[in-house]
$ cat query03.txt   # compact mmCIF, N, CA and C atoms and all ligand atoms
# COMPACT_ATOMS: atom_id res chain seq x y z
N MET A 1 56.77 -32.11 19.34
CA MET A 1 56.11 -32.75 18.19
C MET A 1 57.00 -33.83 17.60
N ASP A 2 56.36 -34.92 17.27
CA ASP A 2 57.08 -36.04 16.67
C ASP A 2 57.13 -35.92 15.16
N ILE A 3 58.31 -36.08 14.60
CA ILE A 3 58.39 -36.18 13.15
C ILE A 3 58.56 -37.66 12.80
N GLU A 4 57.71 -38.14 11.90
CA GLU A 4 57.85 -39.52 11.43
C GLU A 4 58.76 -39.53 10.22
N PHE A 5 59.65 -40.52 10.19
CA PHE A 5 60.50 -40.69 9.01
C PHE A 5 60.05 -41.94 8.28
N CYS A 6 60.02 -41.85 6.98
CA CYS A 6 59.67 -43.02 6.19
C CYS A 6 60.64 -44.15 6.49
N GLN A 7 60.10 -45.33 6.77
CA GLN A 7 60.93 -46.47 7.16
C GLN A 7 61.48 -47.21 5.94
N SER A 8 61.40 -46.58 4.80
CA SER A 8 61.99 -47.13 3.59
C SER A 8 63.04 -46.19 3.01
N CYS A 9 62.71 -44.90 2.88
CA CYS A 9 63.63 -43.96 2.24
C CYS A 9 64.19 -42.93 3.21
N GLY A 10 63.68 -42.89 4.44
CA GLY A 10 64.23 -41.99 5.45
C GLY A 10 63.75 -40.55 5.35
N MET A 11 62.82 -40.31 4.46
CA MET A 11 62.32 -38.95 4.28
C MET A 11 61.43 -38.55 5.46
N PRO A 12 61.60 -37.33 6.00
CA PRO A 12 60.66 -36.86 7.02
C PRO A 12 59.29 -36.63 6.38
N MET A 13 58.22 -37.04 7.08
CA MET A 13 56.89 -37.01 6.47
C MET A 13 55.95 -36.06 7.18
N ASN A 14 55.18 -35.32 6.39
CA ASN A 14 54.03 -34.56 6.89
C ASN A 14 52.77 -35.40 6.70
N ASP A 15 51.64 -34.87 7.18
CA ASP A 15 50.39 -35.61 7.08
C ASP A 15 50.06 -36.01 5.64
N ASN A 16 50.47 -35.22 4.70
CA ASN A 16 50.14 -35.50 3.30
C ASN A 16 51.08 -36.51 2.64
N ASP A 17 52.13 -36.87 3.35
CA ASP A 17 53.18 -37.68 2.73
C ASP A 17 53.05 -39.18 3.02
N TYR A 18 52.11 -39.56 3.89
CA TYR A 18 52.04 -40.96 4.29
C TYR A 18 51.53 -41.85 3.17
N GLY A 19 52.03 -43.09 3.17
CA GLY A 19 51.53 -44.09 2.24
C GLY A 19 50.15 -44.57 2.65
N THR A 20 49.55 -45.41 1.80
CA THR A 20 48.22 -45.93 2.09
C THR A 20 48.23 -47.45 2.11
N ASN A 21 47.40 -48.00 3.00
CA ASN A 21 47.19 -49.44 3.05
C ASN A 21 46.20 -49.85 1.98
N VAL A 22 46.07 -51.16 1.82
CA VAL A 22 45.20 -51.68 0.76
C VAL A 22 43.74 -51.28 0.97
N ASP A 23 43.35 -51.04 2.24
CA ASP A 23 41.97 -50.60 2.51
C ASP A 23 41.83 -49.07 2.51
N GLY A 24 42.88 -48.37 2.07
CA GLY A 24 42.79 -46.92 1.94
C GLY A 24 43.15 -46.14 3.19
N THR A 25 43.42 -46.85 4.30
CA THR A 25 43.83 -46.14 5.51
C THR A 25 45.30 -45.72 5.38
N THR A 26 45.69 -44.81 6.25
CA THR A 26 47.05 -44.27 6.18
C THR A 26 48.04 -45.23 6.80
N ASN A 27 49.18 -45.38 6.16
CA ASN A 27 50.27 -46.16 6.72
C ASN A 27 51.38 -45.20 7.13
N LYS A 28 51.54 -45.05 8.44
CA LYS A 28 52.47 -44.03 8.94
C LYS A 28 53.92 -44.51 8.98
N ASP A 29 54.16 -45.74 8.56
CA ASP A 29 55.54 -46.22 8.51
C ASP A 29 56.26 -45.76 7.25
N TYR A 30 55.50 -45.57 6.17
CA TYR A 30 56.13 -45.31 4.88
C TYR A 30 55.48 -44.12 4.19
N CYS A 31 56.27 -43.46 3.35
CA CYS A 31 55.76 -42.32 2.60
C CYS A 31 55.03 -42.81 1.33
N ASN A 32 54.30 -41.90 0.72
CA ASN A 32 53.51 -42.30 -0.45
C ASN A 32 54.37 -42.53 -1.70
N HIS A 33 55.65 -42.13 -1.65
CA HIS A 33 56.53 -42.45 -2.77
C HIS A 33 56.96 -43.91 -2.71
N CYS A 34 57.04 -44.44 -1.50
CA CYS A 34 57.56 -45.80 -1.30
C CYS A 34 56.44 -46.82 -1.23
N TYR A 35 55.28 -46.42 -0.70
CA TYR A 35 54.26 -47.38 -0.32
C TYR A 35 52.89 -46.85 -0.70
N ASP A 36 52.18 -47.62 -1.50
CA ASP A 36 50.90 -47.15 -2.02
C ASP A 36 49.97 -48.34 -2.15
N ASN A 37 48.75 -48.22 -1.65
CA ASN A 37 47.78 -49.32 -1.74
C ASN A 37 48.30 -50.63 -1.18
N GLY A 38 49.02 -50.56 -0.07
CA GLY A 38 49.46 -51.78 0.59
C GLY A 38 50.68 -52.44 -0.01
N GLU A 39 51.32 -51.77 -0.98
CA GLU A 39 52.50 -52.37 -1.61
C GLU A 39 53.62 -51.35 -1.75
N PHE A 40 54.85 -51.85 -1.69
CA PHE A 40 55.97 -50.99 -2.03
C PHE A 40 55.89 -50.67 -3.52
N THR A 41 56.19 -49.43 -3.85
CA THR A 41 56.06 -49.00 -5.24
C THR A 41 57.24 -49.47 -6.09
N SER A 42 58.28 -49.97 -5.44
CA SER A 42 59.42 -50.50 -6.20
C SER A 42 60.05 -51.63 -5.40
N ASP A 43 60.80 -52.48 -6.09
CA ASP A 43 61.49 -53.55 -5.35
C ASP A 43 62.99 -53.24 -5.23
N ARG A 44 63.27 -51.97 -5.03
CA ARG A 44 64.66 -51.56 -4.83
C ARG A 44 65.29 -52.29 -3.65
N THR A 45 66.58 -52.55 -3.75
CA THR A 45 67.34 -52.99 -2.60
C THR A 45 67.73 -51.75 -1.80
N MET A 46 68.28 -51.98 -0.63
CA MET A 46 68.71 -50.85 0.19
C MET A 46 69.75 -50.01 -0.56
N ASP A 47 70.69 -50.66 -1.24
CA ASP A 47 71.72 -49.92 -1.99
C ASP A 47 71.10 -49.11 -3.12
N ASP A 48 70.13 -49.71 -3.80
CA ASP A 48 69.43 -48.99 -4.86
C ASP A 48 68.78 -47.73 -4.30
N MET A 49 68.17 -47.89 -3.13
CA MET A 49 67.45 -46.78 -2.53
C MET A 49 68.41 -45.66 -2.16
N ILE A 50 69.57 -46.03 -1.64
CA ILE A 50 70.58 -45.01 -1.30
C ILE A 50 71.04 -44.30 -2.57
N ASN A 51 71.31 -45.06 -3.62
CA ASN A 51 71.73 -44.45 -4.88
C ASN A 51 70.68 -43.49 -5.42
N PHE A 52 69.42 -43.88 -5.23
CA PHE A 52 68.31 -43.09 -5.73
C PHE A 52 68.11 -41.82 -4.90
N CYS A 53 68.25 -41.95 -3.59
CA CYS A 53 67.89 -40.86 -2.68
C CYS A 53 69.02 -39.88 -2.39
N ALA A 54 70.27 -40.34 -2.47
CA ALA A 54 71.39 -39.49 -2.06
C ALA A 54 71.43 -38.17 -2.85
N PRO A 55 71.30 -38.21 -4.19
CA PRO A 55 71.32 -36.94 -4.92
C PRO A 55 70.17 -36.02 -4.53
N LYS A 56 68.99 -36.60 -4.27
CA LYS A 56 67.83 -35.79 -3.87
C LYS A 56 68.06 -35.15 -2.52
N MET A 57 68.57 -35.95 -1.59
CA MET A 57 68.80 -35.43 -0.25
C MET A 57 69.85 -34.32 -0.31
N ALA A 58 70.90 -34.54 -1.11
CA ALA A 58 71.95 -33.53 -1.25
C ALA A 58 71.35 -32.23 -1.78
N GLU A 59 70.49 -32.38 -2.78
CA GLU A 59 69.85 -31.22 -3.38
C GLU A 59 68.96 -30.49 -2.38
N ASN A 60 68.17 -31.26 -1.62
CA ASN A 60 67.21 -30.66 -0.69
C ASN A 60 67.88 -30.01 0.50
N THR A 61 69.02 -30.54 0.91
CA THR A 61 69.63 -30.06 2.15
C THR A 61 70.87 -29.22 1.90
N GLY A 62 71.39 -29.26 0.67
CA GLY A 62 72.58 -28.47 0.35
C GLY A 62 73.89 -29.09 0.81
N ILE A 63 73.83 -30.38 1.23
CA ILE A 63 75.08 -31.04 1.60
C ILE A 63 75.64 -31.79 0.40
N ASP A 64 76.89 -32.25 0.51
CA ASP A 64 77.49 -33.03 -0.57
C ASP A 64 76.78 -34.36 -0.72
N GLU A 65 76.77 -34.86 -1.95
CA GLU A 65 76.15 -36.16 -2.17
C GLU A 65 76.86 -37.26 -1.38
N SER A 66 78.18 -37.16 -1.28
CA SER A 66 78.92 -38.17 -0.52
C SER A 66 78.55 -38.12 0.96
N GLU A 67 78.28 -36.92 1.44
CA GLU A 67 77.86 -36.75 2.83
C GLU A 67 76.46 -37.34 3.03
N ALA A 68 75.57 -37.07 2.09
CA ALA A 68 74.21 -37.62 2.14
C ALA A 68 74.27 -39.15 2.17
N ARG A 69 75.12 -39.68 1.32
CA ARG A 69 75.28 -41.13 1.23
C ARG A 69 75.75 -41.73 2.55
N LYS A 70 76.67 -41.03 3.20
CA LYS A 70 77.20 -41.50 4.47
C LYS A 70 76.10 -41.54 5.53
N ILE A 71 75.30 -40.49 5.58
CA ILE A 71 74.19 -40.43 6.54
C ILE A 71 73.23 -41.59 6.28
N MET A 72 72.91 -41.82 5.02
CA MET A 72 71.96 -42.87 4.68
C MET A 72 72.50 -44.25 4.97
N GLU A 73 73.79 -44.43 4.74
CA GLU A 73 74.37 -45.76 5.00
C GLU A 73 74.33 -46.09 6.49
N GLU A 74 74.32 -45.05 7.33
CA GLU A 74 74.18 -45.31 8.77
C GLU A 74 72.72 -45.46 9.17
N MET A 75 71.86 -44.72 8.51
CA MET A 75 70.46 -44.65 8.89
C MET A 75 69.65 -45.83 8.35
N PHE A 76 69.88 -46.19 7.10
CA PHE A 76 69.00 -47.14 6.44
C PHE A 76 68.96 -48.53 7.08
N PRO A 77 70.10 -49.06 7.54
CA PRO A 77 70.02 -50.40 8.15
C PRO A 77 69.14 -50.45 9.39
N ASN A 78 68.79 -49.28 9.95
CA ASN A 78 67.90 -49.24 11.11
C ASN A 78 66.44 -49.00 10.75
N LEU A 79 66.17 -48.77 9.50
CA LEU A 79 64.78 -48.55 9.07
C LEU A 79 64.06 -49.90 8.95
N LYS A 80 62.77 -49.85 9.22
CA LYS A 80 61.98 -51.08 9.29
C LYS A 80 62.08 -51.94 8.03
N ARG A 81 62.08 -51.27 6.87
CA ARG A 81 62.07 -52.04 5.63
C ARG A 81 63.36 -52.84 5.43
N TRP A 82 64.47 -52.33 5.93
CA TRP A 82 65.77 -52.93 5.62
C TRP A 82 66.37 -53.70 6.80
N LYS A 83 65.83 -53.47 7.96
CA LYS A 83 66.40 -54.01 9.20
C LYS A 83 66.65 -55.51 9.12
N ASN A 84 65.65 -56.25 8.67
CA ASN A 84 65.75 -57.71 8.65
C ASN A 84 66.03 -58.23 7.26
N ASN A 85 66.52 -57.37 6.40
CA ASN A 85 66.51 -57.66 4.98
C ASN A 85 67.70 -56.98 4.32
N LYS A 86 68.90 -57.38 4.72
CA LYS A 86 70.08 -56.68 4.21
C LYS A 86 70.44 -57.15 2.81
ZN ZN B 1 59.70 -43.34 1.52
$ encode --input "query03.txt" --output "structure tokens"
Amino acid sequence: MDIEFCQSCGMPMNDNDYGTNVDGTTNKDYCNHCYDNGEFTSDRTMDDMINFCAPKMAENTGIDESEARKIMEEMFPNLKRWKNNK
């Protein structure tokens, strides 16, 4: 089974977590926290997103926040939203 990761925040997504396009169809690239009705819900930079997500990821996974940050700093530059937009 394939797990899709949000191409903005790196969160693993279930069927209920996908964002929506402007025509109401599902957008499987991004989660509904990041992308809604065809638009990003915030204009965070990649660094902002890491600052925002690292504490949550640490909390959800039980790892240190610094460890979460390290994982994200390696992962995020490869995500679609940030790849061409450092
Ligand atoms: Zn997301």
$ residues_around --input "query03.txt" --residues "Cys34 of chain A" --least-positions-apart "6" --cutoff "7 Å" --atoms "only N, CA and C atoms" --output "list in words"
Ser8, Cys9, Gly19, Phe40, Thr41 and Ser42 of chain A
$ closest_atom_pairs --input "query03.txt" --of "chain A" --to "ligand ZN 1 (chain B)" --cutoff "6.5 Å" --atoms "all atoms listed in the file" --output "CSV"
residue,atom,partner,partner_atom,distance
A:Cys6,CA,B:ZN1,ZN,4.7
A:Gln7,N,B:ZN1,ZN,5.6
A:Ser8,C,B:ZN1,ZN,4.6
A:Cys9,N,B:ZN1,ZN,3.7
A:Gly10,N,B:ZN1,ZN,5.0
A:Met11,N,B:ZN1,ZN,5.2
A:Tyr30,C,B:ZN1,ZN,5.1
A:Cys31,N,B:ZN1,ZN,3.9
A:Asn32,N,B:ZN1,ZN,5.6
A:His33,C,B:ZN1,ZN,5.1
A:Cys34,N,B:ZN1,ZN,4.2
A:Tyr35,N,B:ZN1,ZN,5.8
$ select_by_dssp --input "query03.txt" --residues "segment 18-62 of chain A" --states "strand (DSSP E or B)" --output "short mmCIF file (atom, residue, chain, number, x, y, z; two decimals) with N, CA and C atoms, in the coordinates of the input"
data_model
loop_
_atom_site.label_atom_id
_atom_site.label_comp_id
_atom_site.auth_asym_id
_atom_site.auth_seq_id
_atom_site.Cartn_x
_atom_site.Cartn_y
_atom_site.Cartn_z
N TYR A 18 52.11 -39.56 3.89
CA TYR A 18 52.04 -40.96 4.29
C TYR A 18 51.53 -41.85 3.17
N GLY A 19 52.03 -43.09 3.17
CA GLY A 19 51.53 -44.09 2.24
C GLY A 19 50.15 -44.57 2.65
N THR A 20 49.55 -45.41 1.80
CA THR A 20 48.22 -45.93 2.09
C THR A 20 48.23 -47.45 2.11
N THR A 26 45.69 -44.81 6.25
CA THR A 26 47.05 -44.27 6.18
C THR A 26 48.04 -45.23 6.80
N ASN A 27 49.18 -45.38 6.16
CA ASN A 27 50.27 -46.16 6.72
C ASN A 27 51.38 -45.20 7.13
N LYS A 28 51.54 -45.05 8.44
CA LYS A 28 52.47 -44.03 8.94
C LYS A 28 53.92 -44.51 8.98
N ASP A 29 54.16 -45.74 8.56
CA ASP A 29 55.54 -46.22 8.51
C ASP A 29 56.26 -45.76 7.25
N TYR A 30 55.50 -45.57 6.17
CA TYR A 30 56.13 -45.31 4.88
C TYR A 30 55.48 -44.12 4.19
N CYS A 31 56.27 -43.46 3.35
CA CYS A 31 55.76 -42.32 2.60
C CYS A 31 55.03 -42.81 1.33
N TYR A 35 55.28 -46.42 -0.70
CA TYR A 35 54.26 -47.38 -0.32
C TYR A 35 52.89 -46.85 -0.70
N ASP A 36 52.18 -47.62 -1.50
CA ASP A 36 50.90 -47.15 -2.02
C ASP A 36 49.97 -48.34 -2.15
N GLU A 39 51.32 -51.77 -0.98
CA GLU A 39 52.50 -52.37 -1.61
C GLU A 39 53.62 -51.35 -1.75
N PHE A 40 54.85 -51.85 -1.69
CA PHE A 40 55.97 -50.99 -2.03
C PHE A 40 55.89 -50.67 -3.52
#
$ atom_distance --input "query03.txt" --atom1 "atom C of Asp23 of chain A" --atom2 "atom C of Asp36 of chain A"
9.4 Å
$ residues_around --input "query03.txt" --residues "Thr20 of chain A" --least-positions-apart "3" --cutoff "5 Å" --atoms "all atoms listed in the file" --output "VMD selection string"
chain A and resid 25 to 27 35 to 38
$ atom_distance --input "query03.txt" --atom1 "atom N of Lys70 of chain A" --atom2 "atom CA of Asp48 of chain A"
13.4 Å
$ select_by_dssp --input "query03.txt" --residues "chain A" --states "alpha helix (DSSP H)" --output "JSON, numbers by chain"
{"A": [46, 47, 48, 49, 50, 51, 52, 53, 54, 55, 56, 57, 58, 59, 60, 61, 65, 66, 67, 68, 69, 70, 71, 72, 73, 74, 75, 80, 81, 82, 83]}
$ atom_distance --input "query03.txt" --atom1 "atom C of Lys80 of chain A" --atom2 "atom N of Asp47 of chain A"
12.7 Å
$ closest_residue --input "query03.txt" --among "A:Arg81, A:Glu4, A:Tyr18, A:Ile50" --to "Arg69 of chain A" --atoms "only N, CA and C atoms"
A:Ile50
$ axis_aligned_box --input "query03.txt" --around "segment 40-59 of chain A" --padding-each-side "8 Å" --output "JSON"
{"center_x": 63.4, "center_y": -42.0, "center_z": -3.0, "size_x": 33.1, "size_y": 39.1, "size_z": 22.4}
$ closest_residue --input "query03.txt" --among "A:Ile63, A:Asn84, A:Phe5, A:Asn78" --to "Asp29 of chain A" --atoms "all atoms listed in the file"
A:Phe5
$ closest_residue --input "query03.txt" --among "A:Thr61, A:Met13, A:Met75, A:Trp82" --to "Thr45 of chain A" --atoms "only N, CA and C atoms"
A:Trp82
